[in-house]
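What follows is a short report on a single structure.
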Amino acid sequence: MGIISMEKVDHLYWLGRYTERVYTTLRVFFHIYDRIIEQPEGIYGKYCERLNIPNIYTSNRQFVQSYLFGEDNPDSVYSNMRRAYDNAIVLRDELSSTVLSYVQLALDTFASCRKTTAPLLELQQVIDDLLAFWGGADDYVEEEDCRNILKCGKYVERLDLCIRLDYHEKDLEKEYRKLCNRLGKTNLNYSPQSLARLEEIILREEDPKSHYGEALACLGGLIYAG
Amino acid sequence: MRELIEHTEGINRLMARYGVKFGIYKGGEFHEQLFPFDAIPRVITHEEFRQLERGLIQRVDALNLFLNDIYGEKKIIADGVIPEEFVFISSGYLPQCEGIKPPKNIYSHISGIDLVLGKDGEWYILEDNLRIPSGASYPMIAREICRRVSPATFGNNSVVDNRQYAAMLRETLDWVNTGGVPVIMTPGRYNAAYFEHSYLAERTGSALASCTDLFVEDNYLYYKDYRDRKQKVGVIYRRISDEYLDPMTFLPESLIGIPNLMDVYRRGNVAIVNAPGNGVADDKGIYYFVPKMIRYYLDQEPVLKNAPTYLPFYEEDKKYVLDNLEKLVIKDVAEAGGYGVIFGNELSRERLQEMKELIERESRRFIAQEVIDFQDMEVMDGDEKVLRKADLRAFVLSGEKTRVWPSGLTRFSRNADSFVVNSSQGGGFKDTWVLSQWKK
């Protein structure tokens with residue numbers, strides 16, 4: 001139909017953000033889980049600090065359970081998966097049942113992984129479902145505007161996580177360019193000043209890391225409603 | 001068919017993947033539940049369907065004429081066919097709709113008629129649902145999946161394809177469209193039938209809109225874009241109750257609805273599907289009079305029978321009801337969804353007496369029906385076939401013509417002793433096959 005309500009724009013944007021958050025944090029978690037084998041207790045402290053989430057964990061074992069699956073833990077990957085679902089479920093007519101089904105599958109698989117003794121084995125399926133979701137979105141979502149808004153959410157989140165998790169500068173540059181490309185194709189309201197400063201920090205600052213706090217603030221205020 | 005049954009679990013798994021669910025509130029909390037599917041279909045022969053079709057079209061046409069009459073000239077009351085008390089004290093009667101002519105004079109565009117098949121082989125109408133009947137999406141998606149799971153079953157049986165429901169619905173919406181885009185208006189994802197709202201929006205190519213997406217300007221209804229563009233709405237398939245449609249007309253304290261929508265509707269600038277005020281025609285008390293309506297408006301004998309019904313409002317009926325309460329089923333006309341249904345044979349002596357006193361005091365509030373001994377249907381319970389009560393919700397669409405969807409929602413009780421088949425009370429569903437006249 002070619003028109004998208006403000007409410008749906010919000011859901012598309014946050015669906016992009018939450019699916020990306022689940023995807024990237026799960027992949028990072030795979031590395032942490034591997035390091036836990038050799039490293040002492042408390043390895044998660046640094047990770048919490050970087051993501052700016054409260055370190056409420058008491059042991060590696062409890063971290064694995066609560067951070068991955070904690071239903072009452074608002075920062076758990078599962079809680080983020082639920083938020084992705086909450087945004088997706090109201091977008092069936094924009095996404096199509098086919099694309100929506102991959103979010104449903106990812107959520108159902110995640111929920112069923114809770115009792116397993118080998119979570120990473122099963123959680124690989126969640127990653128696969130999310131990749132299928134993104135592939136499906138490219139293939140099935142007819143409205144280009146919808147795809148662009150969805151991907152804006154995705155790249156804002158990706159860039160945010162890359163900065164927080166101290167990815168290589170080349171990666172940051174790549175993700176920044178993807179975000180700019182998508183943002184330019186939407187009619188979302190955004191702050192040109194924030195975007196310009198973000199570009200300066202990522203592409204031109206001599207010591208970009210010393211400005212990462214500012215970069216995150218620019219990213220947080222980049223897109224706004226109204 | 002065996003193949004289908006063998007794959008019941010797989011079919012249900014695919015349903016879960018596509019989010020085939022309904023919402024339910026328990027203890028004040030919202031829960032989404034899967035709607036269990038049983039792969040053994042209800043089968044309706046071509047000849048049987050033709051008969052049902054004739055009866056359903058006749059009934060819905062009469063109900064539409066009744067609604068036109070009640071909100072217009074009220075001849076049926078003047079001619080003494082229906083007592084006015086039954087019309088004007090019905091909670092479904094909306095004085096705000098007096099004198100409004102809906103586009104193309106259609107009130108009930110989508111009618112869900114609940115029937116059961118008696119052991120005597122006769123179909124009986126249990127209830128008419130003319131407000132926002134739900135359920136078509138479940139057999140639609142079930143058929144889609146079943147055909148994928150066992151093409152041979154459908155190759156070997158001449159089953160009429162039911163997947164054209166969305167096209168039929170879109171044609172119905174287009175027929176009354178006053179010029180603009182079609183939208184399906186939902187109260188939101190915490191509504192029991194949200195899956196259906198979103199699925200039908202996808203399949204009919206309509207925009208799924210919440211109240212905040214729509215607004216009235218200069219007596220037209222518009223859908224609001226995030227870029228401040230607006231698009232005129234010509235037809236709104238609302239999945240929200242009458243009283244929440246427009247706070248300026250109905251409930252001023254309501255926080256939902258579209259202010260001034262009824263003004264747009266009154267001027268004929270938008271079609272509301274189904275029309276507000278239909279509740280007066282599917283009231284449990286009015287049900288008793290539908291055969292009379294058919295004779296009155298169409299000068300025809302009803303093709304389909306009502307379940308034998310008594311109105312305690314009439315002295316003669318009241319006497320019968322009070323004398324035979326223990327073998328009757330009592331329905332509170334104000335309740336829906338399987339609630340307010342009381343089987344006399346399940347009441348203790350004290351409760352029976354209390355019920356009699358209540359009927360004496362509030363005779364307009366109840367109807368009483370004979371318990372129809374309806375046919376049980378086979379349902380898989382694990383690996384075992386068991387017999388359960390089941391009904392059929394047939395969908396009748398009124399547009400350029402009145403048409404019956406060659407399928408329907410068959411709901412069954414999962415409890416061996418229960419007659420209540422509603423999904424909200426734990427029931428499951430089946431596909432409904434209508435066989436083609438062309439045998440394979």
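Chain labels follow the order of the structure tokens: the first chain is A, the next B, and so on; residue numbering restarts at 1 in every chain, and ligands are counted from 1 in their shown order.
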
Please report as a Markdown table every residue of chain A lying within 12 Å of chain B, along with the nearest atom pair and their distance in Å (one decimal), using only C-alpha atoms.
| residue | atom | partner | partner_atom | distance |
| --- | --- | --- | --- | --- |
| A:Met1 | CA | B:Ala207 | CA | 7.4 |
| A:Gly2 | CA | B:Asp225 | CA | 9.1 |
| A:Ile3 | CA | B:Asp225 | CA | 5.4 |
| A:Ile4 | CA | B:Asp225 | CA | 5.1 |
| A:Ser5 | CA | B:Asp225 | CA | 4.5 |
| A:Met6 | CA | B:Tyr226 | CA | 4.3 |
| A:Glu7 | CA | B:Asp213 | CA | 7.6 |
| A:Lys8 | CA | B:Tyr226 | CA | 8.5 |
| A:Val9 | CA | B:Tyr226 | CA | 7.1 |
| A:Asp10 | CA | B:Tyr226 | CA | 9.6 |
| A:Tyr85 | CA | B:Gly19 | CA | 10.9 |
| A:Asp86 | CA | B:Arg189 | CA | 8.9 |
| A:Asn87 | CA | B:Arg189 | CA | 10.2 |
| A:Ala88 | CA | B:Arg189 | CA | 10.7 |
| A:Ile89 | CA | B:Arg189 | CA | 7.6 |
| A:Val90 | CA | B:Arg189 | CA | 6.6 |
| A:Leu91 | CA | B:Ser198 | CA | 7.8 |
| A:Arg92 | CA | B:Ser198 | CA | 5.8 |
| A:Asp93 | CA | B:Glu202 | CA | 4.2 |
| A:Glu94 | CA | B:Glu202 | CA | 7.6 |
| A:Leu95 | CA | B:Glu202 | CA | 8.8 |
| A:Ser96 | CA | B:Glu202 | CA | 6.6 |
| A:Ser97 | CA | B:Tyr18 | CA | 6.4 |
| A:Thr98 | CA | B:Tyr18 | CA | 7.5 |
| A:Val99 | CA | B:Tyr18 | CA | 9.4 |
| A:Leu100 | CA | B:Tyr18 | CA | 7.4 |
| A:Ser101 | CA | B:Tyr18 | CA | 5.1 |
| A:Tyr102 | CA | B:Arg17 | CA | 7.6 |
| A:Val103 | CA | B:Arg17 | CA | 8.8 |
| A:Gln104 | CA | B:Arg17 | CA | 5.9 |
| A:Leu105 | CA | B:Arg17 | CA | 5.8 |
| A:Ala106 | CA | B:Arg17 | CA | 9.5 |
| A:Leu107 | CA | B:Arg17 | CA | 9.9 |
| A:Asp108 | CA | B:Arg17 | CA | 8.3 |
| A:Thr109 | CA | B:Arg17 | CA | 10.4 |
| A:Asp129 | CA | B:Arg17 | CA | 11.5 |
| A:Val141 | CA | B:Glu202 | CA | 11.5 |
| A:Glu142 | CA | B:Gly205 | CA | 11.6 |
| A:Asp145 | CA | B:Tyr226 | CA | 11.0 |
| A:Cys146 | CA | B:Tyr226 | CA | 11.5 |
| A:Ile149 | CA | B:Tyr226 | CA | 11.5 |
| A:Thr186 | CA | B:Arg227 | CA | 9.9 |
| A:Asn187 | CA | B:Arg227 | CA | 6.7 |
| A:Leu188 | CA | B:Arg227 | CA | 8.0 |
| A:Asn189 | CA | B:Arg227 | CA | 9.2 |
| A:Tyr224 | CA | B:Tyr226 | CA | 11.9 |
| A:Ala225 | CA | B:Tyr226 | CA | 9.1 |
| A:Gly226 | CA | B:Tyr226 | CA | 8.1 |

Residues from the last selection, C-alpha atoms, saved as a PDB file, in the first residue's frame:
ATOM      1  CA  MET A   1       0.000   0.000   0.000  1.00  0.00           C
ATOM      2  CA  GLY A   2       3.041   2.202   0.358  1.00  0.00           C
ATOM      3  CA  ILE A   3       2.153   3.872   3.629  1.00  0.00           C
ATOM      4  CA  ILE A   4       3.594   2.971   6.994  1.00  0.00           C
ATOM      5  CA  SER A   5       2.241   4.275  10.249  1.00  0.00           C
ATOM      6  CA  MET A   6       4.468   5.842  12.881  1.00  0.00           C
ATOM      7  CA  GLU A   7       3.761   2.931  15.209  1.00  0.00           C
ATOM      8  CA  LYS A   8       4.907   0.422  12.613  1.00  0.00           C
ATOM      9  CA  VAL A   9       8.062   2.405  11.907  1.00  0.00           C
ATOM     10  CA  ASP A  10       8.861   2.151  15.586  1.00  0.00           C
ATOM     11  CA  TYR A  85       9.224 -11.141  18.951  1.00  0.00           C
ATOM     12  CA  ASP A  86       6.992  -8.489  20.554  1.00  0.00           C
ATOM     13  CA  ASN A  87       7.933  -6.091  17.778  1.00  0.00           C
ATOM     14  CA  ALA A  88       7.668  -8.681  15.016  1.00  0.00           C
ATOM     15  CA  ILE A  89       4.261 -10.066  15.951  1.00  0.00           C
ATOM     16  CA  VAL A  90       2.534  -6.781  15.120  1.00  0.00           C
ATOM     17  CA  LEU A  91       4.155  -6.609  11.690  1.00  0.00           C
ATOM     18  CA  ARG A  92       2.770  -9.696   9.952  1.00  0.00           C
ATOM     19  CA  ASP A  93       1.194  -7.670   7.146  1.00  0.00           C
ATOM     20  CA  GLU A  94       4.486  -5.838   6.512  1.00  0.00           C
ATOM     21  CA  LEU A  95       6.840  -8.776   6.940  1.00  0.00           C
ATOM     22  CA  SER A  96       4.686 -11.688   5.669  1.00  0.00           C
ATOM     23  CA  SER A  97       3.929 -14.868   7.604  1.00  0.00           C
ATOM     24  CA  THR A  98       7.003 -16.511   6.076  1.00  0.00           C
ATOM     25  CA  VAL A  99       9.457 -13.959   7.439  1.00  0.00           C
ATOM     26  CA  LEU A 100       7.672 -13.638  10.765  1.00  0.00           C
ATOM     27  CA  SER A 101       7.869 -17.403  11.223  1.00  0.00           C
ATOM     28  CA  TYR A 102      11.674 -17.228  11.587  1.00  0.00           C
ATOM     29  CA  VAL A 103      11.364 -14.912  14.578  1.00  0.00           C
ATOM     30  CA  GLN A 104       8.781 -17.266  16.053  1.00  0.00           C
ATOM     31  CA  LEU A 105      11.095 -20.217  15.414  1.00  0.00           C
ATOM     32  CA  ALA A 106      14.056 -18.422  17.000  1.00  0.00           C
ATOM     33  CA  LEU A 107      11.992 -17.627  20.097  1.00  0.00           C
ATOM     34  CA  ASP A 108      10.585 -21.151  20.404  1.00  0.00           C
ATOM     35  CA  THR A 109      14.019 -22.704  19.954  1.00  0.00           C
ATOM     36  CA  ASP A 129      16.833 -18.733  12.312  1.00  0.00           C
ATOM     37  CA  VAL A 141       9.316  -7.796   2.412  1.00  0.00           C
ATOM     38  CA  GLU A 142       7.844  -5.965  -0.527  1.00  0.00           C
ATOM     39  CA  ASP A 145      10.875   1.548   2.915  1.00  0.00           C
ATOM     40  CA  CYS A 146      10.142  -1.217   5.437  1.00  0.00           C
ATOM     41  CA  ILE A 149      13.880   1.062   8.342  1.00  0.00           C
ATOM     42  CA  THR A 186      14.443   6.326   4.491  1.00  0.00           C
ATOM     43  CA  ASN A 187      12.415   9.311   5.564  1.00  0.00           C
ATOM     44  CA  LEU A 188      13.265   8.751   9.203  1.00  0.00           C
ATOM     45  CA  ASN A 189      13.931  11.854  11.225  1.00  0.00           C
ATOM     46  CA  TYR A 224      14.094  10.278  16.721  1.00  0.00           C
ATOM     47  CA  ALA A 225      10.318  10.159  16.482  1.00  0.00           C
ATOM     48  CA  GLY A 226       8.045  12.910  15.199  1.00  0.00           C
TER      49      GLY A 226
END

Item to complete: Can you pull out every residue within 12 Å of Ile43 in chain A, counting only C-alpha atoms, but drop anything in the same chain fewer than 2 positions away, and send it as a list in words?
Response: Phe29, His31, Ile32, Tyr33, Asp34, Arg35, Ile36, Ile37, Glu38, Gln39, Pro40, Glu41, Gly45, Lys46, Tyr47, Cys48, Glu49, Asn55, Tyr57, Thr58, Ser59, Asn60, Arg61, Phe63 and Val64 of chain A

Please dump the current selection as a PDB file, in the first residue's frame; keep C-alpha atoms.
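So part15.pdb came out as:
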ATOM      1  CA  PHE A  29      28.816 -15.362  23.944  1.00  0.00           C
ATOM      2  CA  HIS A  31      33.627 -16.973  22.447  1.00  0.00           C
ATOM      3  CA  ILE A  32      33.103 -16.204  26.124  1.00  0.00           C
ATOM      4  CA  TYR A  33      31.795 -19.700  26.725  1.00  0.00           C
ATOM      5  CA  ASP A  34      34.917 -21.089  25.138  1.00  0.00           C
ATOM      6  CA  ARG A  35      37.172 -18.931  27.302  1.00  0.00           C
ATOM      7  CA  ILE A  36      35.379 -19.971  30.473  1.00  0.00           C
ATOM      8  CA  ILE A  37      36.920 -23.431  30.019  1.00  0.00           C
ATOM      9  CA  GLU A  38      40.413 -22.175  30.895  1.00  0.00           C
ATOM     10  CA  GLN A  39      39.796 -18.944  32.733  1.00  0.00           C
ATOM     11  CA  PRO A  40      38.832 -18.340  36.321  1.00  0.00           C
ATOM     12  CA  GLU A  41      35.546 -17.195  37.701  1.00  0.00           C
ATOM     13  CA  GLY A  45      32.632  -8.746  34.694  1.00  0.00           C
ATOM     14  CA  LYS A  46      34.440  -6.991  31.857  1.00  0.00           C
ATOM     15  CA  TYR A  47      31.740  -7.987  29.383  1.00  0.00           C
ATOM     16  CA  CYS A  48      28.988  -6.488  31.566  1.00  0.00           C
ATOM     17  CA  GLU A  49      30.991  -3.322  31.947  1.00  0.00           C
ATOM     18  CA  ASN A  55      26.857  -7.310  36.823  1.00  0.00           C
ATOM     19  CA  TYR A  57      26.129 -12.594  38.359  1.00  0.00           C
ATOM     20  CA  THR A  58      27.757 -14.662  41.077  1.00  0.00           C
ATOM     21  CA  SER A  59      29.544 -17.392  39.127  1.00  0.00           C
ATOM     22  CA  ASN A  60      30.390 -18.452  35.598  1.00  0.00           C
ATOM     23  CA  ARG A  61      27.704 -21.091  35.789  1.00  0.00           C
ATOM     24  CA  PHE A  63      26.150 -16.148  34.328  1.00  0.00           C
ATOM     25  CA  VAL A  64      25.621 -18.727  31.594  1.00  0.00           C
TER      26      VAL A  64
END

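The interatomic distance for the pair CA of Arg364 in chain B and CA of Leu67 in chain B works out to 20.7 Å.
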
Item to complete: Check the smallest atom-to-atom distance from each of A:Lys151, A:Ala84, A:Leu203, A:Asn52 to Leu165 in chain A using only C-alpha atoms, then report the winner.
Response: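 Nearest to Leu165 in chain A: A:Asn52.
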
Worksheet entry | Nearby residues (only C-alpha atoms) at most 12 Å from Arg197 in chain A, same-chain spacing under 2 positions excluded, as an MDAnalysis selection string | chainID A and resid 176 191:195 199:205 208 211:212 214:219 221:222

Kindly save the residues from that selection, with N, CA, C and O atoms included, as an mmCIF file, in the first residue's frame.
data_model
loop_
_atom_site.group_PDB
_atom_site.id
_atom_site.type_symbol
_atom_site.label_atom_id
_atom_site.label_comp_id
_atom_site.auth_asym_id
_atom_site.auth_seq_id
_atom_site.Cartn_x
_atom_site.Cartn_y
_atom_site.Cartn_z
ATOM 1 N N TYR A 176 29.492 1.641 9.836
ATOM 2 C CA TYR A 176 29.028 3.030 9.732
ATOM 3 C C TYR A 176 28.530 3.322 8.311
ATOM 4 O O TYR A 176 27.477 3.933 8.107
ATOM 5 N N SER A 191 19.295 13.234 13.243
ATOM 6 C CA SER A 191 20.072 14.441 13.515
ATOM 7 C C SER A 191 21.318 14.463 12.621
ATOM 8 O O SER A 191 22.229 13.642 12.802
ATOM 9 N N PRO A 192 21.396 15.397 11.659
ATOM 10 C CA PRO A 192 22.594 15.474 10.798
ATOM 11 C C PRO A 192 23.858 15.780 11.610
ATOM 12 O O PRO A 192 24.936 15.292 11.281
ATOM 13 N N GLN A 193 23.676 16.541 12.701
ATOM 14 C CA GLN A 193 24.849 16.878 13.534
ATOM 15 C C GLN A 193 25.425 15.619 14.186
ATOM 16 O O GLN A 193 26.644 15.409 14.198
ATOM 17 N N SER A 194 24.517 14.779 14.693
ATOM 18 C CA SER A 194 24.985 13.542 15.337
ATOM 19 C C SER A 194 25.679 12.652 14.324
ATOM 20 O O SER A 194 26.718 12.040 14.611
ATOM 21 N N LEU A 195 25.112 12.600 13.131
ATOM 22 C CA LEU A 195 25.700 11.744 12.100
ATOM 23 C C LEU A 195 27.085 12.267 11.693
ATOM 24 O O LEU A 195 28.035 11.484 11.542
ATOM 25 N N GLU A 199 30.660 10.335 12.140
ATOM 26 C CA GLU A 199 31.571 10.104 11.010
ATOM 27 C C GLU A 199 32.981 10.591 11.347
ATOM 28 O O GLU A 199 33.964 9.910 11.073
ATOM 29 N N GLU A 200 33.022 11.759 11.950
ATOM 30 C CA GLU A 200 34.317 12.322 12.319
ATOM 31 C C GLU A 200 35.067 11.389 13.272
ATOM 32 O O GLU A 200 36.253 11.122 13.093
ATOM 33 N N ILE A 201 34.348 10.899 14.265
ATOM 34 C CA ILE A 201 35.002 10.028 15.261
ATOM 35 C C ILE A 201 35.474 8.733 14.600
ATOM 36 O O ILE A 201 36.611 8.298 14.780
ATOM 37 N N ILE A 202 34.603 8.137 13.822
ATOM 38 C CA ILE A 202 34.930 6.814 13.270
ATOM 39 C C ILE A 202 35.945 6.898 12.124
ATOM 40 O O ILE A 202 36.847 6.067 12.031
ATOM 41 N N LEU A 203 35.824 7.906 11.300
ATOM 42 C CA LEU A 203 36.685 7.941 10.114
ATOM 43 C C LEU A 203 37.914 8.832 10.247
ATOM 44 O O LEU A 203 38.917 8.605 9.573
ATOM 45 N N ARG A 204 37.849 9.866 11.107
ATOM 46 C CA ARG A 204 38.938 10.842 11.047
ATOM 47 C C ARG A 204 39.685 11.116 12.354
ATOM 48 O O ARG A 204 40.793 11.619 12.323
ATOM 49 N N GLU A 205 39.087 10.798 13.460
ATOM 50 C CA GLU A 205 39.785 11.083 14.722
ATOM 51 C C GLU A 205 41.063 10.247 14.810
ATOM 52 O O GLU A 205 41.055 9.061 14.453
ATOM 53 N N PRO A 208 40.319 7.432 17.975
ATOM 54 C CA PRO A 208 38.855 7.318 18.053
ATOM 55 C C PRO A 208 38.371 6.720 19.375
ATOM 56 O O PRO A 208 37.325 7.116 19.879
ATOM 57 N N HIS A 211 37.044 8.735 22.109
ATOM 58 C CA HIS A 211 35.770 9.433 21.861
ATOM 59 C C HIS A 211 34.590 8.467 21.769
ATOM 60 O O HIS A 211 33.512 8.851 21.338
ATOM 61 N N TYR A 212 34.813 7.206 22.147
ATOM 62 C CA TYR A 212 33.744 6.212 21.978
ATOM 63 C C TYR A 212 32.488 6.539 22.803
ATOM 64 O O TYR A 212 31.376 6.259 22.381
ATOM 65 N N GLU A 214 31.333 9.446 23.427
ATOM 66 C CA GLU A 214 30.608 10.461 22.657
ATOM 67 C C GLU A 214 29.945 9.819 21.428
ATOM 68 O O GLU A 214 28.818 10.160 21.059
ATOM 69 N N ALA A 215 30.667 8.869 20.812
ATOM 70 C CA ALA A 215 30.118 8.192 19.620
ATOM 71 C C ALA A 215 28.827 7.454 19.985
ATOM 72 O O ALA A 215 27.834 7.498 19.245
ATOM 73 N N LEU A 216 28.827 6.803 21.149
ATOM 74 C CA LEU A 216 27.617 6.074 21.579
ATOM 75 C C LEU A 216 26.462 7.044 21.839
ATOM 76 O O LEU A 216 25.311 6.747 21.515
ATOM 77 N N ALA A 217 26.789 8.197 22.403
ATOM 78 C CA ALA A 217 25.748 9.201 22.658
ATOM 79 C C ALA A 217 25.166 9.703 21.337
ATOM 80 O O ALA A 217 23.948 9.862 21.196
ATOM 81 N N CYS A 218 26.048 9.933 20.348
ATOM 82 C CA CYS A 218 25.575 10.378 19.020
ATOM 83 C C CYS A 218 24.658 9.330 18.403
ATOM 84 O O CYS A 218 23.610 9.648 17.835
ATOM 85 N N LEU A 219 25.065 8.091 18.535
ATOM 86 C CA LEU A 219 24.288 6.996 17.965
ATOM 87 C C LEU A 219 22.924 6.882 18.652
ATOM 88 O O LEU A 219 21.892 6.678 18.007
ATOM 89 N N GLY A 221 21.197 9.201 19.999
ATOM 90 C CA GLY A 221 20.271 10.296 19.679
ATOM 91 C C GLY A 221 20.116 10.520 18.189
ATOM 92 O O GLY A 221 19.559 11.533 17.762
ATOM 93 N N LEU A 222 20.624 9.587 17.399
ATOM 94 C CA LEU A 222 20.641 9.788 15.946
ATOM 95 C C LEU A 222 19.235 9.832 15.345
ATOM 96 O O LEU A 222 18.895 10.753 14.600
#

Worksheet item: Using only C-alpha atoms, which of the listed residues (B:Ile82, B:Ile44, B:Leu221, B:Leu397) sits closest to Ile110 in chain B?
Response: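 Closest to Ile110 in chain B, using only C-alpha atoms: B:Leu397.
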
Worksheet item: Which of range 14-204 of chain A counts as alpha helix (DSSP H) under DSSP, as a ChimeraX atom specification please?
Response: /A:14-36,44-51,60-69,77-88,92-95,97-113,119-140,144-164,169-183,192-199

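Closest approach to Gly268 in chain B among B:Ala368, B:Ala390, B:Leu130, B:Val176: B:Val176, based on only C-alpha atoms.
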
Using only C-alpha atoms, which residues sit within 10 Å of Gly426 in chain B once same-chain residues fewer than 6 positions away are excluded, as a PDB file with N, CA and C atoms, in the first residue's frame?
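Final output, part-v6.pdb:
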ATOM      1  N   GLN B  33      -1.995 -19.067  23.419  1.00  0.00           N
ATOM      2  CA  GLN B  33      -2.075 -20.524  23.400  1.00  0.00           C
ATOM      3  C   GLN B  33      -2.178 -21.011  21.972  1.00  0.00           C
ATOM      4  N   LEU B  34      -1.568 -22.171  21.741  1.00  0.00           N
ATOM      5  CA  LEU B  34      -1.737 -22.774  20.427  1.00  0.00           C
ATOM      6  C   LEU B  34      -3.151 -23.325  20.358  1.00  0.00           C
ATOM      7  N   PHE B  35      -3.700 -23.347  19.174  1.00  0.00           N
ATOM      8  CA  PHE B  35      -5.059 -23.852  18.973  1.00  0.00           C
ATOM      9  C   PHE B  35      -4.885 -25.272  18.425  1.00  0.00           C
ATOM     10  N   PRO B  36      -5.082 -26.306  19.252  1.00  0.00           N
ATOM     11  CA  PRO B  36      -4.749 -27.666  18.805  1.00  0.00           C
ATOM     12  C   PRO B  36      -5.570 -28.092  17.584  1.00  0.00           C
ATOM     13  N   PHE B 412     -14.025 -28.655  18.307  1.00  0.00           N
ATOM     14  CA  PHE B 412     -14.441 -29.810  19.099  1.00  0.00           C
ATOM     15  C   PHE B 412     -14.037 -29.643  20.557  1.00  0.00           C
ATOM     16  N   SER B 413     -14.793 -30.326  21.375  1.00  0.00           N
ATOM     17  CA  SER B 413     -14.486 -30.306  22.797  1.00  0.00           C
ATOM     18  C   SER B 413     -13.387 -31.326  23.059  1.00  0.00           C
ATOM     19  N   ARG B 414     -12.443 -30.986  23.921  1.00  0.00           N
ATOM     20  CA  ARG B 414     -11.381 -31.965  24.211  1.00  0.00           C
ATOM     21  C   ARG B 414     -11.744 -32.805  25.422  1.00  0.00           C
ATOM     22  N   ASN B 415     -12.812 -32.404  26.049  1.00  0.00           N
ATOM     23  CA  ASN B 415     -13.253 -33.130  27.226  1.00  0.00           C
ATOM     24  C   ASN B 415     -14.410 -34.049  26.826  1.00  0.00           C
ATOM     25  N   VAL B 420     -19.174 -28.007  25.311  1.00  0.00           N
ATOM     26  CA  VAL B 420     -18.636 -26.672  25.033  1.00  0.00           C
ATOM     27  C   VAL B 420     -17.369 -26.809  24.187  1.00  0.00           C
TER      28      VAL B 420
END

Fill in: Selection: 10 Å around Tyr25 in chain B, only C-alpha atoms, excl. self and same-chain fewer than 5 positions, as a list in words
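Within the cut-off, the hits are Phe30, His31, Glu32, Tyr190, Asn191, Ala192 and Ser424 of chain B.
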
Written selection (N, CA and C atoms) as an mmCIF file, in the first residue's frame:
data_model
loop_
_atom_site.group_PDB
_atom_site.id
_atom_site.type_symbol
_atom_site.label_atom_id
_atom_site.label_comp_id
_atom_site.auth_asym_id
_atom_site.auth_seq_id
_atom_site.Cartn_x
_atom_site.Cartn_y
_atom_site.Cartn_z
ATOM 1 N N PHE B 30 -2.290 -12.027 30.326
ATOM 2 C CA PHE B 30 -2.507 -12.458 28.947
ATOM 3 C C PHE B 30 -1.577 -13.625 28.609
ATOM 4 N N HIS B 31 -2.167 -14.668 28.027
ATOM 5 C CA HIS B 31 -1.348 -15.802 27.580
ATOM 6 C C HIS B 31 -1.714 -16.124 26.141
ATOM 7 N N GLU B 32 -0.703 -16.510 25.377
ATOM 8 C CA GLU B 32 -0.987 -16.977 24.016
ATOM 9 C C GLU B 32 -0.991 -18.501 24.043
ATOM 10 N N TYR B 190 -2.915 -7.928 22.065
ATOM 11 C CA TYR B 190 -3.430 -8.625 23.244
ATOM 12 C C TYR B 190 -4.906 -8.962 23.104
ATOM 13 N N ASN B 191 -5.398 -8.915 21.886
ATOM 14 C CA ASN B 191 -6.755 -9.366 21.631
ATOM 15 C C ASN B 191 -6.708 -10.872 21.344
ATOM 16 N N ALA B 192 -7.764 -11.580 21.771
ATOM 17 C CA ALA B 192 -7.802 -13.042 21.632
ATOM 18 C C ALA B 192 -7.592 -13.484 20.184
ATOM 19 N N SER B 424 -11.630 -20.738 23.734
ATOM 20 C CA SER B 424 -11.290 -20.108 25.009
ATOM 21 C C SER B 424 -11.486 -21.078 26.170
#

Worksheet item: Pick the closest to Leu358 in chain B from B:Val60, B:Ile330, B:Met380, B:Ile236: which is it, counting only C-alpha atoms?
Response: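 Checking each candidate against Leu358 in chain B, we get B:Ile330 as the closest.
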
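For Asn12 in chain B, the residues within 12 Å (counting only C-alpha atoms, excluding itself and residues fewer than 5 positions away along the chain) are Leu4, Ile5, Glu6, His7, Arg17, Tyr18, Gly19, Val20, Lys21, Leu34, Phe35, Pro36, Phe37, Asp38, Ala39, Tyr138, Ile141, Ala142, Ile145, Cys146, Val149, Gly428, Phe429 and Lys430 of chain B.
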
Output for the residues just chosen: C-alpha atoms as a short mmCIF file (atom, residue, chain, number, x, y, z; two decimals), in the first residue's frame:
data_model
loop_
_atom_site.label_atom_id
_atom_site.label_comp_id
_atom_site.auth_asym_id
_atom_site.auth_seq_id
_atom_site.Cartn_x
_atom_site.Cartn_y
_atom_site.Cartn_z
CA LEU B 4 -2.41 -36.75 7.43
CA ILE B 5 -3.20 -38.30 10.80
CA GLU B 6 0.32 -39.71 11.11
CA HIS B 7 1.70 -36.23 10.65
CA ARG B 17 5.86 -21.76 13.59
CA TYR B 18 3.32 -19.58 11.84
CA GLY B 19 2.00 -18.32 15.16
CA VAL B 20 -1.46 -19.93 14.85
CA LYS B 21 -2.57 -18.96 18.32
CA LEU B 34 -1.74 -22.77 20.43
CA PHE B 35 -5.06 -23.85 18.97
CA PRO B 36 -4.75 -27.67 18.81
CA PHE B 37 -5.49 -29.08 15.37
CA ASP B 38 -6.92 -32.51 14.76
CA ALA B 39 -6.14 -33.91 11.32
CA TYR B 138 -7.57 -21.33 11.20
CA ILE B 141 -3.86 -22.00 7.18
CA ALA B 142 -4.55 -25.60 8.25
CA ILE B 145 -0.22 -26.92 5.65
CA CYS B 146 -2.19 -30.16 5.19
CA VAL B 149 2.07 -32.54 4.28
CA GLY B 428 -9.44 -27.76 19.37
CA PHE B 429 -10.27 -27.44 15.69
CA LYS B 430 -10.49 -29.42 12.49
#
